[in-house]
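J.: The following block contains the structure, expressed as structure tokens.
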Amino acid sequence: MTASAEEMQTVSVEDFSYFTAQELARALPMFRLTASQYDVWNTLLGEMGRGGRVVMTQDEIADRLGTNKANISPALTVLRERGLCWRESPGVYRINPRIAFKGTVDEWNEAMDDVPADVPEVVLPKYRRRPPRPGRTGRAGARPGSPTLRGV
């Protein structure tokens with residue numbers, strides 16, 4: 001049985017990219033990004049042009065977020081370490097096309113070929129609930145004065 005044209009659904013790169021970004025949005029809390037890192041990431045996504053490029057200096061990102069450049073550089077470093085983006089040249093960042101993309105299928109294929117070898121694979125954590133943050137005692141979820149579960 002062959003599906004009619006009305007029954008078939010066409011999925012564009014933009015639809016696929018949205019789905020990937022949606023899945024990433026579900027997983028981002030697992031990466032433990034700070035509020036500043038989230039702000040920088042969302043700014044990059046919002047300014048992404050064709051080919052996944054973002055043409056913005058750190059000063060422009062800082063101005064957009066109402067902060068100073070000293071807060072932007074560390075956030076970008078973490079985003080790069082996570083494989084979410086990389087710096088292509090001064091003032092030009094590129095969103096990892098495995099994560100989100102804006103353009104045609106041919107542009108996406110070209111962008112995939114252009115991913116630098118040193119960009120880490122984005123590994124989405126498999127757990128569905130964010131693990132507890134380590135407490136001051138170094139044990140996950142433990143806080144001074146809080147009851148702990150022993151022997152579990």
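For the structure tokens, the naming scheme is as follows: chains receive sequential letters (A, B, ...) according to their order of presentation, residues are indexed from 1 within each chain, and ligands are indexed from 1 in presentation order.
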Any chance you could list, as an MDAnalysis selection string, the residues in region 19-129 of chain A that come up alpha helix (DSSP H) when DSSP is run on the backbone?

T.: chainID A and resid 19:27 35:47 58:65 69:81 105:113

J.: Got time to write the residues from that selection, C-alpha atoms, as a PDB file, in the first residue's frame?

T.:
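Listing of again28.pdb after writing:
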```pdb
ATOM      1  CA  PHE A  19      13.120  19.054  16.789  1.00  0.00           C
ATOM      2  CA  THR A  20      16.804  18.745  17.633  1.00  0.00           C
ATOM      3  CA  ALA A  21      16.755  22.063  19.467  1.00  0.00           C
ATOM      4  CA  GLN A  22      13.616  20.968  21.312  1.00  0.00           C
ATOM      5  CA  GLU A  23      15.314  17.769  22.453  1.00  0.00           C
ATOM      6  CA  LEU A  24      18.368  19.761  23.496  1.00  0.00           C
ATOM      7  CA  ALA A  25      16.145  22.140  25.479  1.00  0.00           C
ATOM      8  CA  ARG A  26      14.906  19.116  27.426  1.00  0.00           C
ATOM      9  CA  ALA A  27      18.472  17.936  28.061  1.00  0.00           C
ATOM     10  CA  ALA A  35      21.961  31.384  34.193  1.00  0.00           C
ATOM     11  CA  SER A  36      24.651  33.398  32.385  1.00  0.00           C
ATOM     12  CA  GLN A  37      25.569  30.431  30.192  1.00  0.00           C
ATOM     13  CA  TYR A  38      21.886  29.880  29.321  1.00  0.00           C
ATOM     14  CA  ASP A  39      21.539  33.573  28.473  1.00  0.00           C
ATOM     15  CA  VAL A  40      24.550  33.480  26.155  1.00  0.00           C
ATOM     16  CA  TRP A  41      23.352  30.233  24.534  1.00  0.00           C
ATOM     17  CA  ASN A  42      19.851  31.641  23.936  1.00  0.00           C
ATOM     18  CA  THR A  43      21.334  34.853  22.540  1.00  0.00           C
ATOM     19  CA  LEU A  44      23.437  32.859  20.078  1.00  0.00           C
ATOM     20  CA  LEU A  45      20.426  30.773  19.023  1.00  0.00           C
ATOM     21  CA  GLY A  46      18.309  33.896  18.598  1.00  0.00           C
ATOM     22  CA  GLU A  47      20.908  35.550  16.390  1.00  0.00           C
ATOM     23  CA  GLN A  58      31.512  39.449  22.965  1.00  0.00           C
ATOM     24  CA  ASP A  59      30.897  43.153  23.590  1.00  0.00           C
ATOM     25  CA  GLU A  60      27.655  42.963  21.583  1.00  0.00           C
ATOM     26  CA  ILE A  61      26.527  39.854  23.460  1.00  0.00           C
ATOM     27  CA  ALA A  62      27.335  41.566  26.758  1.00  0.00           C
ATOM     28  CA  ASP A  63      25.444  44.694  25.703  1.00  0.00           C
ATOM     29  CA  ARG A  64      22.412  42.620  24.677  1.00  0.00           C
ATOM     30  CA  LEU A  65      22.412  40.887  28.062  1.00  0.00           C
ATOM     31  CA  LYS A  69      32.359  41.216  28.544  1.00  0.00           C
ATOM     32  CA  ALA A  70      34.124  39.573  31.490  1.00  0.00           C
ATOM     33  CA  ASN A  71      30.963  37.474  32.043  1.00  0.00           C
ATOM     34  CA  ILE A  72      30.640  36.434  28.398  1.00  0.00           C
ATOM     35  CA  SER A  73      34.011  34.820  27.743  1.00  0.00           C
ATOM     36  CA  PRO A  74      33.713  32.155  30.492  1.00  0.00           C
ATOM     37  CA  ALA A  75      30.165  31.331  29.368  1.00  0.00           C
ATOM     38  CA  LEU A  76      31.299  30.880  25.759  1.00  0.00           C
ATOM     39  CA  THR A  77      34.151  28.670  26.961  1.00  0.00           C
ATOM     40  CA  VAL A  78      31.708  26.320  28.690  1.00  0.00           C
ATOM     41  CA  LEU A  79      29.421  26.242  25.638  1.00  0.00           C
ATOM     42  CA  ARG A  80      32.419  25.367  23.443  1.00  0.00           C
ATOM     43  CA  GLU A  81      33.574  22.684  25.894  1.00  0.00           C
ATOM     44  CA  VAL A 105      19.746  20.619   3.267  1.00  0.00           C
ATOM     45  CA  ASP A 106      22.807  21.335   1.110  1.00  0.00           C
ATOM     46  CA  GLU A 107      23.939  24.053   3.534  1.00  0.00           C
ATOM     47  CA  TRP A 108      23.446  21.656   6.447  1.00  0.00           C
ATOM     48  CA  ASN A 109      25.527  18.957   4.740  1.00  0.00           C
ATOM     49  CA  GLU A 110      28.269  21.514   4.088  1.00  0.00           C
ATOM     50  CA  ALA A 111      28.122  22.699   7.703  1.00  0.00           C
ATOM     51  CA  MET A 112      28.416  19.118   8.927  1.00  0.00           C
ATOM     52  CA  ASP A 113      31.548  18.707   6.809  1.00  0.00           C
TER      53      ASP A 113
END
```

J.: Tell me, as a PyMOL selection string, which residues lie within 8 Å of region 116-123 of chain A, counting only C-alpha atoms; anything in the same chain fewer than 2 positions away does not count.

T.: chain A and resi 80-84+86+114+125

J.: What is the CA of Gly49 (chain A) to CA of Ser89 (chain A) distance in Å?

T.: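 Calculated distance between CA of Gly49 (chain A) and CA of Ser89 (chain A) is 15.3 Å.
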
J.: Please indicate the distance in Å from CA of Gly51 (chain A) to CA of Gly103 (chain A), rounded to one decimal place.

T.: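 A separation of 5.7 Å between them.
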
J.: Calculate how many Å separate CA of Leu28 (chain A) from CA of Ile99 (chain A), rounding to one decimal.

T.: 11.4 Å

J.: Please extract the residues of region 64-97 of chain A with a backbone DSSP assignment of strand (DSSP E or B) and present them as a list in words.

T.: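 So, restricting region 64-97 of chain A to strand (DSSP E or B), we get Cys85, Trp86, Arg87, Glu88, Ser89, Val92, Tyr93, Arg94 and Ile95 of chain A.
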
J.: Let's have the selection written as a JSON list (two decimals), in the first residue's frame, with N, CA, C and O atoms.

T.:
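Written output follows (part_26.json):
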```
[["chain", "number", "residue", "atom", "x", "y", "z"],
["A", 85, "CYS", "N", 28.83, 25.03, 20.44],
["A", 85, "CYS", "CA", 29.22, 26.02, 19.45],
["A", 85, "CYS", "C", 30.74, 26.10, 19.42],
["A", 85, "CYS", "O", 31.42, 25.48, 20.23],
["A", 86, "TRP", "N", 31.26, 26.86, 18.48],
["A", 86, "TRP", "CA", 32.68, 27.15, 18.45],
["A", 86, "TRP", "C", 32.89, 28.52, 17.84],
["A", 86, "TRP", "O", 31.99, 29.08, 17.22],
["A", 87, "ARG", "N", 34.08, 29.05, 18.05],
["A", 87, "ARG", "CA", 34.43, 30.36, 17.49],
["A", 87, "ARG", "C", 35.09, 30.11, 16.14],
["A", 87, "ARG", "O", 36.08, 29.42, 16.04],
["A", 88, "GLU", "N", 34.48, 30.68, 15.12],
["A", 88, "GLU", "CA", 35.00, 30.51, 13.76],
["A", 88, "GLU", "C", 36.09, 31.54, 13.48],
["A", 88, "GLU", "O", 37.09, 31.24, 12.85],
["A", 89, "SER", "N", 35.87, 32.75, 13.94],
["A", 89, "SER", "CA", 36.82, 33.85, 13.80],
["A", 89, "SER", "C", 36.39, 34.93, 14.78],
["A", 89, "SER", "O", 35.32, 34.83, 15.37],
["A", 92, "VAL", "N", 32.66, 35.89, 15.18],
["A", 92, "VAL", "CA", 31.82, 34.94, 14.43],
["A", 92, "VAL", "C", 31.85, 33.60, 15.16],
["A", 92, "VAL", "O", 32.91, 32.98, 15.32],
["A", 93, "TYR", "N", 30.67, 33.18, 15.60],
["A", 93, "TYR", "CA", 30.51, 31.90, 16.27],
["A", 93, "TYR", "C", 29.66, 31.01, 15.39],
["A", 93, "TYR", "O", 28.91, 31.49, 14.54],
["A", 94, "ARG", "N", 29.78, 29.75, 15.59],
["A", 94, "ARG", "CA", 29.00, 28.80, 14.80],
["A", 94, "ARG", "C", 28.32, 27.82, 15.74],
["A", 94, "ARG", "O", 28.96, 27.22, 16.60],
["A", 95, "ILE", "N", 27.01, 27.70, 15.59],
["A", 95, "ILE", "CA", 26.24, 26.73, 16.36],
["A", 95, "ILE", "C", 26.51, 25.36, 15.74],
["A", 95, "ILE", "O", 26.51, 25.20, 14.52]]
```
